[in-house]
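**Student:** Quick one: the structure is below, questions incoming.
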Amino acid sequence: MSVLIYIDQSEGHIKKAALEALSYGSQLAKQTGTTAEGIVIGTVKDDLGSLGQYGITQVHQVANPQLDHLDAQVFTGILAQAVQLTGATIIIFPGNADGKTIAPRLSVRLKAALVSGAVGLPDTTNGFIVKKSVFSGKAFARVSLKTDIKIITLNPNAFPAVVSATDAKAAVVPFNATLDATKVKSLSVNKVKGDIPLSEAEIVVSGGRGLKGPENWGMVEELAKLLGGATACSRPVSDSDWRPHHEHVGQTGLAIAPNLYIAIGISGAIQHLAGVNRSKTIVVINKDPEAPFFKAADYGIVGDAFEVVPQLIEEVKKLKGVA
Amino acid sequence: MKILVCISKSPDTTAKIAFTDNNTKFAAAGVQWIINPYDEWYALVKAIEIKEKDTSAVIHLVTVGPADVEPIIRKALALGGDEAIRVNADSQDSFYVAAQIAEIARQGGYDLIFTGKETIDYNGSSVGGMIAEMLNMPFVGLANHFELNGNTSTITREIEGGEEKVEVDLPVVVSCQQGMAEARIPNMRGIMAARTKPLKVVEPAAADSLTEIVQFELPPAKEGVKLIPADNPAELIRLLHEEAKVI
Ligand SMILES: Cc1cc2nc3c(=O)[nH]c(=O)nc-3n(C[C@H](O)[C@H](O)[C@H](O)COP(=O)(O)OP(=O)(O)OC[C@H]3O[C@@H](n4cnc5c(N)ncnc54)[C@H](O)[C@@H]3O)c2cc1C
């Protein structure tokens, strides 16, 4: 009956998306009168016991260094065995690349209904109905999961990671799973060094074609860094190779939902808004008072980015006490 | 080399999103339909690039939908692709659609199956992984680079905060996203050729749907923007700190 949460790890560290999934899973366990357990695959450097803070009782660990890289088929096999062992009827994944890669396979393996991009806890009063983001953030759908076992992948930043029991420890139990042959061989991993991944960032500073060229991104990067955030861009900016493709947000890029999204020199085309309109607070800096983005914004400055942004940087420095 | 590209239709990106029948159905009246951009720009164009290098490669397109998706599949054929298969059924949910495509794939014996990373209407990001599992094939999700050397592919995929380069022998299922290829527009010759390319219609295989949409809703409207004079950025920072409490 329990809830099983897939604890995503990257290079031995537990990421924010996994903590959100743990909080979501343990809340859901409380709601349905059961317990929540986690499963982690590969070698981990972080203290797994302390994940008890997020409300889980046990962490099943398959600590095999051969599993440090994802092969969805192998991982699906492990998770199917873990579901059997724990008797879990609800499985939660973070909605990042790894979650999106494994969850659909597990859905087929267990013939379990899958809903991806959940933005809230299920409504379990009459059936099992999950609200998910659709039309790239322009609407929501309430989706009924019709099978006994259910799988949910959670949109990043949709549900906060909450410490529900500060001192609680989860029991870490080794789990010996039978492994299928690996078919996906990892050759190399290339992490964006020192930066916060865009999907995890709580603050995002984003630039558009109004910034004229890649040489002008210094101020975007500086503002993001001062605020502890990540940088993003509109599609024409990445299409012109001013910025890397993974920074492209919008309907055909990454959909994000940070606490603060600062759009600089971006017109606010409907396709751009689709990927960012779930942000909690939106700030728009644009020299054109008619730019459509202002209609979707919480705060705005009508002005030239090249004058406004350097001043904002100075003000943030003052606020943060940086010389 | 046989490649199967999964094509889905989606409302034009500028379409007004509204619902009818007590918010249970998308208001499709007057909506322009397009090829789901991820399927078109990344999955299909990548397949075309492969065929341009290896002219013996064959590209089949598959779509699950009623007859009204045919203009979409013809447009995809105009970009490239040798023939198309339409499974004559409403796409009930990701599992059902994947089951239909897996059935086509079993009969066709493909070396490569490409999907877009997600559709821009349902945002499920699930069909590719499901097909792979149904066919017992490896799956690489959210790929932004793909190279073929004989029977082995080198694929770069998104991971949390970066990318991973992996090597997989064919056959493989790949879901494609930005970076994979550059969008193209069909030319006149392609459009003419598409008219006579085979478009086979097959009836659906028996399959279940595991989920059902019970209702749609629209997000609450924004209250309206608070404008701050350009010469007073300090005020914006103060509001973000004290009012919105986000910095
Ligand atoms: C099918 C489809 C999918 C798409 N998907 C996406 C997507 O996922 N993401 C995306 O971003 N776009 C997407 N687009 C493109 C989208 O329609 C817009 O063309 C794009 O978002 C515009 O980018 P932009 O705002 O950077 O540039 P522009 O529209 O050129 O806007 C530049 C803005 O900068 C302002 N500006 C200029 N100079 C200054 C200055 N000195 N100071 C301040 N402001 C200044 C201008 O007033 C203007 O508002 C898609 C389009 C289609 C057709």
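Note on naming: chains are A, B, ... as they come in the structure tokens, residues start from 1 per chain, ligands start from 1 in the order shown.
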Should the cut-off be 7 Å, what would the residue list for chain A against chain B look like, counting only C-alpha atoms, as a ChimeraX atom specification?

**Tutor:** /A:72-73,96-98,100-101,104-105,108,113,116,134-136,138-147,183-192,197,245,251-253,259-260,270-271,294-303,308,311-312,315-316

**Student:** Return as a list of chain:residue names the full set of residues in segment 197-229 of chain B whose backbone-based DSSP assignment is strand (DSSP E).

**Tutor:**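 Strand (DSSP E) assignments inside segment 197-229 of chain B correspond to B:Leu199, B:Lys200, B:Val201, B:Val202, B:Thr211, B:Glu212, B:Ile213, B:Val214, B:Gln215, B:Phe216, B:Glu217, B:Lys226, B:Leu227.
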
**Student:** Counting only C-alpha atoms and all ligand atoms, which residue out of A:Ser133, A:Asn277, A:Ser50, A:Ser107 sits closest to ligand 1?

**Tutor:**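 Among the listed residues, the smallest separation from ligand 1 belongs to A:Asn277.
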
**Student:** At a cut-off of 7 Å around ligand 1, and using only C-alpha atoms and all ligand atoms, what residues come up? Please write them as a PyMOL selection string.

**Tutor:** (chain A and resi 207-211+233-237+248-253+264-272+275+285-288+291+303-306) or (chain B and resi 12-13+37)

**Student:** Near Arg86 of chain B, within 9 Å and counting only C-alpha atoms, which residues show up once chain neighbours fewer than 2 positions away are dropped, as a list in words?

**Tutor:**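 Residues meeting the cut-off are Leu61, Val62, Thr63, Val64, Gly65, Pro66, Ala67, Val69, Glu70, Ile73, Ala84, Asn88, Ala89, Leu199, Lys200, Val201, Val202 and Glu203 of chain B.
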
**Student:** Next, write the just-selected residues to a file, as a JSON list (two decimals), in the first residue's frame, keeping N, CA and C atoms as the atom set.

**Tutor:**
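Writing the result to selection.json gives the following:
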[["chain", "number", "residue", "atom", "x", "y", "z"],
["B", 61, "LEU", "N", 6.71, 7.42, -41.50],
["B", 61, "LEU", "CA", 6.10, 8.27, -40.48],
["B", 61, "LEU", "C", 4.88, 7.53, -39.94],
["B", 62, "VAL", "N", 4.64, 7.69, -38.65],
["B", 62, "VAL", "CA", 3.44, 7.07, -38.10],
["B", 62, "VAL", "C", 2.69, 8.09, -37.25],
["B", 63, "THR", "N", 1.37, 8.06, -37.38],
["B", 63, "THR", "CA", 0.56, 8.94, -36.55],
["B", 63, "THR", "C", -0.67, 8.16, -36.09],
["B", 64, "VAL", "N", -1.15, 8.49, -34.92],
["B", 64, "VAL", "CA", -2.37, 7.86, -34.42],
["B", 64, "VAL", "C", -3.43, 8.97, -34.38],
["B", 65, "GLY", "N", -4.47, 8.82, -35.19],
["B", 65, "GLY", "CA", -5.50, 9.86, -35.19],
["B", 65, "GLY", "C", -6.53, 9.61, -36.27],
["B", 66, "PRO", "N", -7.67, 10.31, -36.17],
["B", 66, "PRO", "CA", -8.70, 10.16, -37.20],
["B", 66, "PRO", "C", -8.28, 10.85, -38.50],
["B", 67, "ALA", "N", -9.14, 10.72, -39.53],
["B", 67, "ALA", "CA", -8.78, 11.20, -40.87],
["B", 67, "ALA", "C", -8.37, 12.67, -40.90],
["B", 69, "VAL", "N", -6.23, 14.21, -39.36],
["B", 69, "VAL", "CA", -4.79, 14.50, -39.19],
["B", 69, "VAL", "C", -4.04, 14.37, -40.52],
["B", 70, "GLU", "N", -4.74, 13.97, -41.59],
["B", 70, "GLU", "CA", -4.01, 13.71, -42.83],
["B", 70, "GLU", "C", -3.27, 14.93, -43.39],
["B", 73, "ILE", "N", 0.06, 14.96, -41.69],
["B", 73, "ILE", "CA", 1.00, 13.92, -42.09],
["B", 73, "ILE", "C", 1.50, 14.19, -43.52],
["B", 84, "ALA", "N", 3.87, 7.03, -45.12],
["B", 84, "ALA", "CA", 3.28, 7.28, -43.81],
["B", 84, "ALA", "C", 2.23, 6.24, -43.50],
["B", 88, "ASN", "N", -5.96, 4.49, -37.48],
["B", 88, "ASN", "CA", -7.26, 5.16, -37.50],
["B", 88, "ASN", "C", -7.95, 5.06, -36.14],
["B", 89, "ALA", "N", -7.54, 5.89, -35.20],
["B", 89, "ALA", "CA", -8.12, 5.85, -33.86],
["B", 89, "ALA", "C", -7.89, 7.18, -33.18],
["B", 199, "LEU", "N", 0.24, 6.72, -48.21],
["B", 199, "LEU", "CA", -0.26, 6.97, -46.85],
["B", 199, "LEU", "C", -1.22, 5.81, -46.54],
["B", 200, "LYS", "N", -0.71, 4.92, -45.73],
["B", 200, "LYS", "CA", -1.47, 3.71, -45.44],
["B", 200, "LYS", "C", -2.33, 3.93, -44.20],
["B", 201, "VAL", "N", -3.58, 3.50, -44.24],
["B", 201, "VAL", "CA", -4.44, 3.62, -43.06],
["B", 201, "VAL", "C", -4.65, 2.23, -42.49],
["B", 202, "VAL", "N", -4.36, 2.07, -41.19],
["B", 202, "VAL", "CA", -4.59, 0.77, -40.57],
["B", 202, "VAL", "C", -5.53, 0.93, -39.38],
["B", 203, "GLU", "N", -6.25, -0.12, -39.09],
["B", 203, "GLU", "CA", -7.16, -0.07, -37.94],
["B", 203, "GLU", "C", -6.36, -0.33, -36.66]]

**Student:** Quote the spacing between atom CA of Pro292 of chain A and atom CA of Ile262 of chain A in Å to one decimal place.

**Tutor:**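 Between these atoms lies a distance of 14.7 Å.
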
**Student:** Write out as a PDB file with N, CA, C and O atoms, in the first residue's frame the set of residues from segment 72-240 of chain B that DSSP, computed on the backbone, places in helix (DSSP H, G or I).

**Tutor:**
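Printed below is selection25.pdb as written:
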ATOM      1  N   ILE B  72      -1.715  17.091 -41.778  1.00  0.00           N
ATOM      2  CA  ILE B  72      -0.497  17.186 -40.976  1.00  0.00           C
ATOM      3  C   ILE B  72       0.535  16.165 -41.451  1.00  0.00           C
ATOM      4  O   ILE B  72       1.719  16.472 -41.613  1.00  0.00           O
ATOM      5  N   ILE B  73       0.057  14.963 -41.693  1.00  0.00           N
ATOM      6  CA  ILE B  73       0.996  13.917 -42.092  1.00  0.00           C
ATOM      7  C   ILE B  73       1.502  14.189 -43.524  1.00  0.00           C
ATOM      8  O   ILE B  73       2.659  13.943 -43.839  1.00  0.00           O
ATOM      9  N   ARG B  74       0.659  14.788 -44.373  1.00  0.00           N
ATOM     10  CA  ARG B  74       1.116  15.179 -45.721  1.00  0.00           C
ATOM     11  C   ARG B  74       2.187  16.263 -45.608  1.00  0.00           C
ATOM     12  O   ARG B  74       3.142  16.283 -46.361  1.00  0.00           O
ATOM     13  N   LYS B  75       1.991  17.161 -44.678  1.00  0.00           N
ATOM     14  CA  LYS B  75       2.996  18.216 -44.510  1.00  0.00           C
ATOM     15  C   LYS B  75       4.324  17.607 -44.054  1.00  0.00           C
ATOM     16  O   LYS B  75       5.395  17.992 -44.521  1.00  0.00           O
ATOM     17  N   ALA B  76       4.230  16.623 -43.185  1.00  0.00           N
ATOM     18  CA  ALA B  76       5.455  15.952 -42.738  1.00  0.00           C
ATOM     19  C   ALA B  76       6.110  15.229 -43.914  1.00  0.00           C
ATOM     20  O   ALA B  76       7.330  15.270 -44.075  1.00  0.00           O
ATOM     21  N   LEU B  77       5.293  14.628 -44.765  1.00  0.00           N
ATOM     22  CA  LEU B  77       5.845  13.945 -45.948  1.00  0.00           C
ATOM     23  C   LEU B  77       6.494  14.944 -46.907  1.00  0.00           C
ATOM     24  O   LEU B  77       7.431  14.609 -47.618  1.00  0.00           O
ATOM     25  N   ALA B  78       5.978  16.175 -46.898  1.00  0.00           N
ATOM     26  CA  ALA B  78       6.560  17.193 -47.772  1.00  0.00           C
ATOM     27  C   ALA B  78       7.959  17.587 -47.301  1.00  0.00           C
ATOM     28  O   ALA B  78       8.822  17.940 -48.099  1.00  0.00           O
ATOM     29  N   LEU B  79       8.187  17.522 -46.007  1.00  0.00           N
ATOM     30  CA  LEU B  79       9.527  17.806 -45.492  1.00  0.00           C
ATOM     31  C   LEU B  79      10.485  16.677 -45.842  1.00  0.00           C
ATOM     32  O   LEU B  79      11.652  16.905 -46.157  1.00  0.00           O
ATOM     33  N   SER B  94      -1.465   8.269 -23.491  1.00  0.00           N
ATOM     34  CA  SER B  94      -0.106   7.938 -23.937  1.00  0.00           C
ATOM     35  C   SER B  94       0.075   6.435 -24.103  1.00  0.00           C
ATOM     36  O   SER B  94       0.695   5.969 -25.061  1.00  0.00           O
ATOM     37  N   PHE B  95      -0.458   5.666 -23.157  1.00  0.00           N
ATOM     38  CA  PHE B  95      -0.288   4.216 -23.192  1.00  0.00           C
ATOM     39  C   PHE B  95      -0.938   3.629 -24.443  1.00  0.00           C
ATOM     40  O   PHE B  95      -0.356   2.800 -25.144  1.00  0.00           O
ATOM     41  N   TYR B  96      -2.129   4.089 -24.743  1.00  0.00           N
ATOM     42  CA  TYR B  96      -2.862   3.598 -25.906  1.00  0.00           C
ATOM     43  C   TYR B  96      -2.108   3.936 -27.198  1.00  0.00           C
ATOM     44  O   TYR B  96      -1.953   3.088 -28.080  1.00  0.00           O
ATOM     45  N   VAL B  97      -1.637   5.180 -27.280  1.00  0.00           N
ATOM     46  CA  VAL B  97      -0.917   5.610 -28.483  1.00  0.00           C
ATOM     47  C   VAL B  97       0.377   4.805 -28.638  1.00  0.00           C
ATOM     48  O   VAL B  97       0.703   4.312 -29.726  1.00  0.00           O
ATOM     49  N   ALA B  98       1.100   4.645 -27.531  1.00  0.00           N
ATOM     50  CA  ALA B  98       2.355   3.879 -27.587  1.00  0.00           C
ATOM     51  C   ALA B  98       2.085   2.448 -28.037  1.00  0.00           C
ATOM     52  O   ALA B  98       2.848   1.881 -28.834  1.00  0.00           O
ATOM     53  N   ALA B  99       0.989   1.868 -27.556  1.00  0.00           N
ATOM     54  CA  ALA B  99       0.666   0.487 -27.936  1.00  0.00           C
ATOM     55  C   ALA B  99       0.420   0.383 -29.447  1.00  0.00           C
ATOM     56  O   ALA B  99       0.829  -0.580 -30.096  1.00  0.00           O
ATOM     57  N   GLN B 100      -0.233   1.404 -30.028  1.00  0.00           N
ATOM     58  CA  GLN B 100      -0.490   1.391 -31.475  1.00  0.00           C
ATOM     59  C   GLN B 100       0.822   1.496 -32.251  1.00  0.00           C
ATOM     60  O   GLN B 100       1.047   0.785 -33.228  1.00  0.00           O
ATOM     61  N   ILE B 101       1.685   2.414 -31.800  1.00  0.00           N
ATOM     62  CA  ILE B 101       2.943   2.624 -32.525  1.00  0.00           C
ATOM     63  C   ILE B 101       3.845   1.394 -32.375  1.00  0.00           C
ATOM     64  O   ILE B 101       4.501   0.967 -33.327  1.00  0.00           O
ATOM     65  N   ALA B 102       3.846   0.807 -31.180  1.00  0.00           N
ATOM     66  CA  ALA B 102       4.669  -0.392 -30.963  1.00  0.00           C
ATOM     67  C   ALA B 102       4.231  -1.505 -31.911  1.00  0.00           C
ATOM     68  O   ALA B 102       5.064  -2.242 -32.458  1.00  0.00           O
ATOM     69  N   GLU B 103       2.939  -1.610 -32.152  1.00  0.00           N
ATOM     70  CA  GLU B 103       2.418  -2.633 -33.059  1.00  0.00           C
ATOM     71  C   GLU B 103       2.932  -2.395 -34.489  1.00  0.00           C
ATOM     72  O   GLU B 103       3.371  -3.327 -35.165  1.00  0.00           O
ATOM     73  N   ILE B 104       2.880  -1.134 -34.926  1.00  0.00           N
ATOM     74  CA  ILE B 104       3.395  -0.785 -36.261  1.00  0.00           C
ATOM     75  C   ILE B 104       4.892  -1.104 -36.327  1.00  0.00           C
ATOM     76  O   ILE B 104       5.404  -1.642 -37.313  1.00  0.00           O
ATOM     77  N   ALA B 105       5.599  -0.760 -35.245  1.00  0.00           N
ATOM     78  CA  ALA B 105       7.047  -0.951 -35.221  1.00  0.00           C
ATOM     79  C   ALA B 105       7.402  -2.434 -35.287  1.00  0.00           C
ATOM     80  O   ALA B 105       8.356  -2.839 -35.953  1.00  0.00           O
ATOM     81  N   ARG B 106       6.619  -3.275 -34.613  1.00  0.00           N
ATOM     82  CA  ARG B 106       6.872  -4.718 -34.633  1.00  0.00           C
ATOM     83  C   ARG B 106       6.779  -5.251 -36.056  1.00  0.00           C
ATOM     84  O   ARG B 106       7.589  -6.055 -36.489  1.00  0.00           O
ATOM     85  N   GLN B 107       5.781  -4.757 -36.787  1.00  0.00           N
ATOM     86  CA  GLN B 107       5.601  -5.246 -38.154  1.00  0.00           C
ATOM     87  C   GLN B 107       6.674  -4.715 -39.087  1.00  0.00           C
ATOM     88  O   GLN B 107       7.107  -5.387 -40.008  1.00  0.00           O
ATOM     89  N   GLY B 108       7.120  -3.466 -38.833  1.00  0.00           N
ATOM     90  CA  GLY B 108       8.052  -2.818 -39.763  1.00  0.00           C
ATOM     91  C   GLY B 108       9.505  -3.180 -39.520  1.00  0.00           C
ATOM     92  O   GLY B 108      10.335  -3.062 -40.421  1.00  0.00           O
ATOM     93  N   VAL B 127       5.447   8.839 -24.505  1.00  0.00           N
ATOM     94  CA  VAL B 127       5.202   7.847 -25.559  1.00  0.00           C
ATOM     95  C   VAL B 127       6.494   7.118 -25.965  1.00  0.00           C
ATOM     96  O   VAL B 127       6.498   5.894 -26.099  1.00  0.00           O
ATOM     97  N   GLY B 128       7.598   7.849 -26.106  1.00  0.00           N
ATOM     98  CA  GLY B 128       8.858   7.225 -26.525  1.00  0.00           C
ATOM     99  C   GLY B 128       9.295   6.124 -25.570  1.00  0.00           C
ATOM    100  O   GLY B 128       9.594   4.999 -25.988  1.00  0.00           O
ATOM    101  N   GLY B 129       9.339   6.444 -24.288  1.00  0.00           N
ATOM    102  CA  GLY B 129       9.764   5.460 -23.282  1.00  0.00           C
ATOM    103  C   GLY B 129       8.831   4.259 -23.253  1.00  0.00           C
ATOM    104  O   GLY B 129       9.267   3.119 -23.081  1.00  0.00           O
ATOM    105  N   MET B 130       7.548   4.518 -23.433  1.00  0.00           N
ATOM    106  CA  MET B 130       6.573   3.420 -23.423  1.00  0.00           C
ATOM    107  C   MET B 130       6.772   2.491 -24.610  1.00  0.00           C
ATOM    108  O   MET B 130       6.750   1.263 -24.470  1.00  0.00           O
ATOM    109  N   ILE B 131       6.987   3.077 -25.797  1.00  0.00           N
ATOM    110  CA  ILE B 131       7.212   2.251 -26.996  1.00  0.00           C
ATOM    111  C   ILE B 131       8.436   1.367 -26.772  1.00  0.00           C
ATOM    112  O   ILE B 131       8.431   0.169 -27.056  1.00  0.00           O
ATOM    113  N   ALA B 132       9.506   1.979 -26.247  1.00  0.00           N
ATOM    114  CA  ALA B 132      10.750   1.243 -26.027  1.00  0.00           C
ATOM    115  C   ALA B 132      10.507   0.038 -25.118  1.00  0.00           C
ATOM    116  O   ALA B 132      10.979  -1.065 -25.386  1.00  0.00           O
ATOM    117  N   GLU B 133       9.752   0.267 -24.051  1.00  0.00           N
ATOM    118  CA  GLU B 133       9.491  -0.830 -23.117  1.00  0.00           C
ATOM    119  C   GLU B 133       8.642  -1.914 -23.784  1.00  0.00           C
ATOM    120  O   GLU B 133       8.896  -3.099 -23.612  1.00  0.00           O
ATOM    121  N   MET B 134       7.657  -1.501 -24.565  1.00  0.00           N
ATOM    122  CA  MET B 134       6.805  -2.485 -25.227  1.00  0.00           C
ATOM    123  C   MET B 134       7.598  -3.328 -26.216  1.00  0.00           C
ATOM    124  O   MET B 134       7.266  -4.475 -26.479  1.00  0.00           O
ATOM    125  N   LEU B 135       8.658  -2.720 -26.790  1.00  0.00           N
ATOM    126  CA  LEU B 135       9.450  -3.440 -27.799  1.00  0.00           C
ATOM    127  C   LEU B 135      10.723  -4.027 -27.208  1.00  0.00           C
ATOM    128  O   LEU B 135      11.549  -4.579 -27.943  1.00  0.00           O
ATOM    129  N   MET B 188       8.782  23.458 -52.673  1.00  0.00           N
ATOM    130  CA  MET B 188       7.724  23.138 -53.635  1.00  0.00           C
ATOM    131  C   MET B 188       7.822  21.690 -54.104  1.00  0.00           C
ATOM    132  O   MET B 188       6.827  20.973 -54.203  1.00  0.00           O
ATOM    133  N   ARG B 189       9.066  21.256 -54.374  1.00  0.00           N
ATOM    134  CA  ARG B 189       9.242  19.898 -54.871  1.00  0.00           C
ATOM    135  C   ARG B 189       8.771  18.877 -53.842  1.00  0.00           C
ATOM    136  O   ARG B 189       8.094  17.909 -54.162  1.00  0.00           O
ATOM    137  N   GLY B 190       9.098  19.175 -52.583  1.00  0.00           N
ATOM    138  CA  GLY B 190       8.679  18.288 -51.498  1.00  0.00           C
ATOM    139  C   GLY B 190       7.159  18.224 -51.385  1.00  0.00           C
ATOM    140  O   GLY B 190       6.572  17.157 -51.210  1.00  0.00           O
ATOM    141  N   ILE B 191       6.533  19.390 -51.525  1.00  0.00           N
ATOM    142  CA  ILE B 191       5.074  19.448 -51.399  1.00  0.00           C
ATOM    143  C   ILE B 191       4.408  18.657 -52.524  1.00  0.00           C
ATOM    144  O   ILE B 191       3.471  17.891 -52.307  1.00  0.00           O
ATOM    145  N   MET B 192       4.957  18.817 -53.748  1.00  0.00           N
ATOM    146  CA  MET B 192       4.407  18.070 -54.888  1.00  0.00           C
ATOM    147  C   MET B 192       4.591  16.567 -54.673  1.00  0.00           C
ATOM    148  O   MET B 192       3.665  15.778 -54.860  1.00  0.00           O
ATOM    149  N   ALA B 193       5.795  16.200 -54.262  1.00  0.00           N
ATOM    150  CA  ALA B 193       6.112  14.776 -54.090  1.00  0.00           C
ATOM    151  C   ALA B 193       5.236  14.142 -53.012  1.00  0.00           C
ATOM    152  O   ALA B 193       4.820  12.992 -53.132  1.00  0.00           O
ATOM    153  N   ALA B 194       4.925  14.932 -51.982  1.00  0.00           N
ATOM    154  CA  ALA B 194       4.163  14.385 -50.851  1.00  0.00           C
ATOM    155  C   ALA B 194       2.783  13.906 -51.263  1.00  0.00           C
ATOM    156  O   ALA B 194       2.223  12.996 -50.660  1.00  0.00           O
ATOM    157  N   ARG B 195       2.246  14.538 -52.297  1.00  0.00           N
ATOM    158  CA  ARG B 195       0.878  14.197 -52.716  1.00  0.00           C
ATOM    159  C   ARG B 195       0.757  12.757 -53.152  1.00  0.00           C
ATOM    160  O   ARG B 195      -0.311  12.157 -53.064  1.00  0.00           O
ATOM    161  N   THR B 196       1.847  12.222 -53.711  1.00  0.00           N
ATOM    162  CA  THR B 196       1.760  10.860 -54.255  1.00  0.00           C
ATOM    163  C   THR B 196       2.467   9.836 -53.374  1.00  0.00           C
ATOM    164  O   THR B 196       2.496   8.655 -53.695  1.00  0.00           O
ATOM    165  N   PRO B 233      15.394  52.067 -10.156  1.00  0.00           N
ATOM    166  CA  PRO B 233      15.520  50.612 -10.012  1.00  0.00           C
ATOM    167  C   PRO B 233      15.565  50.178  -8.544  1.00  0.00           C
ATOM    168  O   PRO B 233      15.193  49.039  -8.228  1.00  0.00           O
ATOM    169  N   ALA B 234      15.976  51.094  -7.652  1.00  0.00           N
ATOM    170  CA  ALA B 234      16.034  50.754  -6.228  1.00  0.00           C
ATOM    171  C   ALA B 234      14.647  50.339  -5.734  1.00  0.00           C
ATOM    172  O   ALA B 234      14.508  49.437  -4.905  1.00  0.00           O
ATOM    173  N   GLU B 235      13.609  50.987  -6.292  1.00  0.00           N
ATOM    174  CA  GLU B 235      12.245  50.681  -5.888  1.00  0.00           C
ATOM    175  C   GLU B 235      11.870  49.251  -6.315  1.00  0.00           C
ATOM    176  O   GLU B 235      11.209  48.531  -5.564  1.00  0.00           O
ATOM    177  N   LEU B 236      12.297  48.839  -7.491  1.00  0.00           N
ATOM    178  CA  LEU B 236      12.011  47.466  -7.940  1.00  0.00           C
ATOM    179  C   LEU B 236      12.655  46.464  -6.980  1.00  0.00           C
ATOM    180  O   LEU B 236      12.008  45.503  -6.549  1.00  0.00           O
ATOM    181  N   ILE B 237      13.897  46.713  -6.635  1.00  0.00           N
ATOM    182  CA  ILE B 237      14.602  45.784  -5.740  1.00  0.00           C
ATOM    183  C   ILE B 237      13.898  45.742  -4.381  1.00  0.00           C
ATOM    184  O   ILE B 237      13.730  44.675  -3.786  1.00  0.00           O
ATOM    185  N   ARG B 238      13.469  46.928  -3.914  1.00  0.00           N
ATOM    186  CA  ARG B 238      12.759  46.961  -2.629  1.00  0.00           C
ATOM    187  C   ARG B 238      11.467  46.128  -2.698  1.00  0.00           C
ATOM    188  O   ARG B 238      11.195  45.309  -1.822  1.00  0.00           O
ATOM    189  N   LEU B 239      10.700  46.294  -3.774  1.00  0.00           N
ATOM    190  CA  LEU B 239       9.442  45.546  -3.917  1.00  0.00           C
ATOM    191  C   LEU B 239       9.692  44.041  -3.997  1.00  0.00           C
ATOM    192  O   LEU B 239       8.968  43.242  -3.399  1.00  0.00           O
ATOM    193  N   LEU B 240      10.735  43.667  -4.716  1.00  0.00           N
ATOM    194  CA  LEU B 240      11.028  42.231  -4.839  1.00  0.00           C
ATOM    195  C   LEU B 240      11.436  41.656  -3.486  1.00  0.00           C
ATOM    196  O   LEU B 240      11.137  40.510  -3.169  1.00  0.00           O
TER     197      LEU B 240
END

**Student:** Set the distance at 6 Å and use only C-alpha atoms: which residues neighbour Leu4 of chain B once local chain neighbours fewer than 2 positions away are removed? I'd like the list as a list in words.

**Tutor:**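 That gives Ile59, His60, Leu61 and Ile113 of chain B.
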
**Student:** Need to verify the contact set: Ala43 of chain B, 6 Å, only C-alpha atoms, exclusion of same-chain residues closer than 5 positions in sequence. Can you return it as a PyMOL selection string?

**Tutor:** chain B and resi 114-116+176

**Student:** Which residues come within 10 Å of Ile92 of chain A, counting only C-alpha atoms, excluding same-chain residues fewer than 2 positions away, as a CSV table (one decimal) with C-alpha atoms, in the first residue's frame?

**Tutor:**
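Below you can see part17.csv, which holds the result:
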chain,number,residue,atom,x,y,z
A,3,VAL,CA,4.3,5.2,-1.5
A,4,LEU,CA,7.7,4.7,-3.2
A,5,ILE,CA,9.7,7.7,-4.2
A,6,TYR,CA,12.5,7.5,-6.8
A,7,ILE,CA,15.4,9.5,-5.3
A,18,ALA,CA,14.3,14.5,-5.5
A,21,ALA,CA,9.4,14.4,-4.8
A,22,LEU,CA,10.1,13.1,-1.2
A,24,TYR,CA,5.3,15.2,-2.1
A,25,GLY,CA,5.4,11.5,-1.6
A,28,LEU,CA,0.5,11.8,-0.1
A,38,GLY,CA,12.6,6.0,-1.0
A,90,ILE,CA,2.0,4.8,-5.8
A,94,PRO,CA,10.9,13.9,-10.1
A,95,GLY,CA,9.9,15.4,-13.5
A,99,GLY,CA,12.3,10.8,-14.3
A,103,ALA,CA,8.6,6.5,-15.5
A,114,LEU,CA,1.2,7.4,-15.4
A,115,VAL,CA,0.6,11.1,-15.1
A,116,SER,CA,3.5,13.4,-15.8
A,150,LYS,CA,-0.2,4.6,-10.1
A,151,ILE,CA,2.9,6.6,-11.2
A,152,ILE,CA,3.3,10.3,-10.9
A,153,THR,CA,6.1,12.5,-12.1
A,154,LEU,CA,6.2,15.8,-10.5

**Student:** So how many Å separate atom CA of Ile3 of chain B and atom CA of Leu112 of chain B, to one decimal?

**Tutor:**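 These atoms are spaced 4.8 Å apart.
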
**Student:** Which one of B:Asp21, B:Glu49, B:Asp68, B:Asp39 sits closest to Cys6 of chain B if you count only C-alpha atoms?

**Tutor:**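 Closest to Cys6 of chain B, using only C-alpha atoms: B:Asp39.
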
**Student:** Skip Thr76 of chain A itself and residues of its chain fewer than 5 positions away, then list as JSON, numbers by chain all residues within 9 Å of it, counting only C-alpha atoms.

**Tutor:** {"A": [71, 81, 102, 103, 105, 106, 109]}
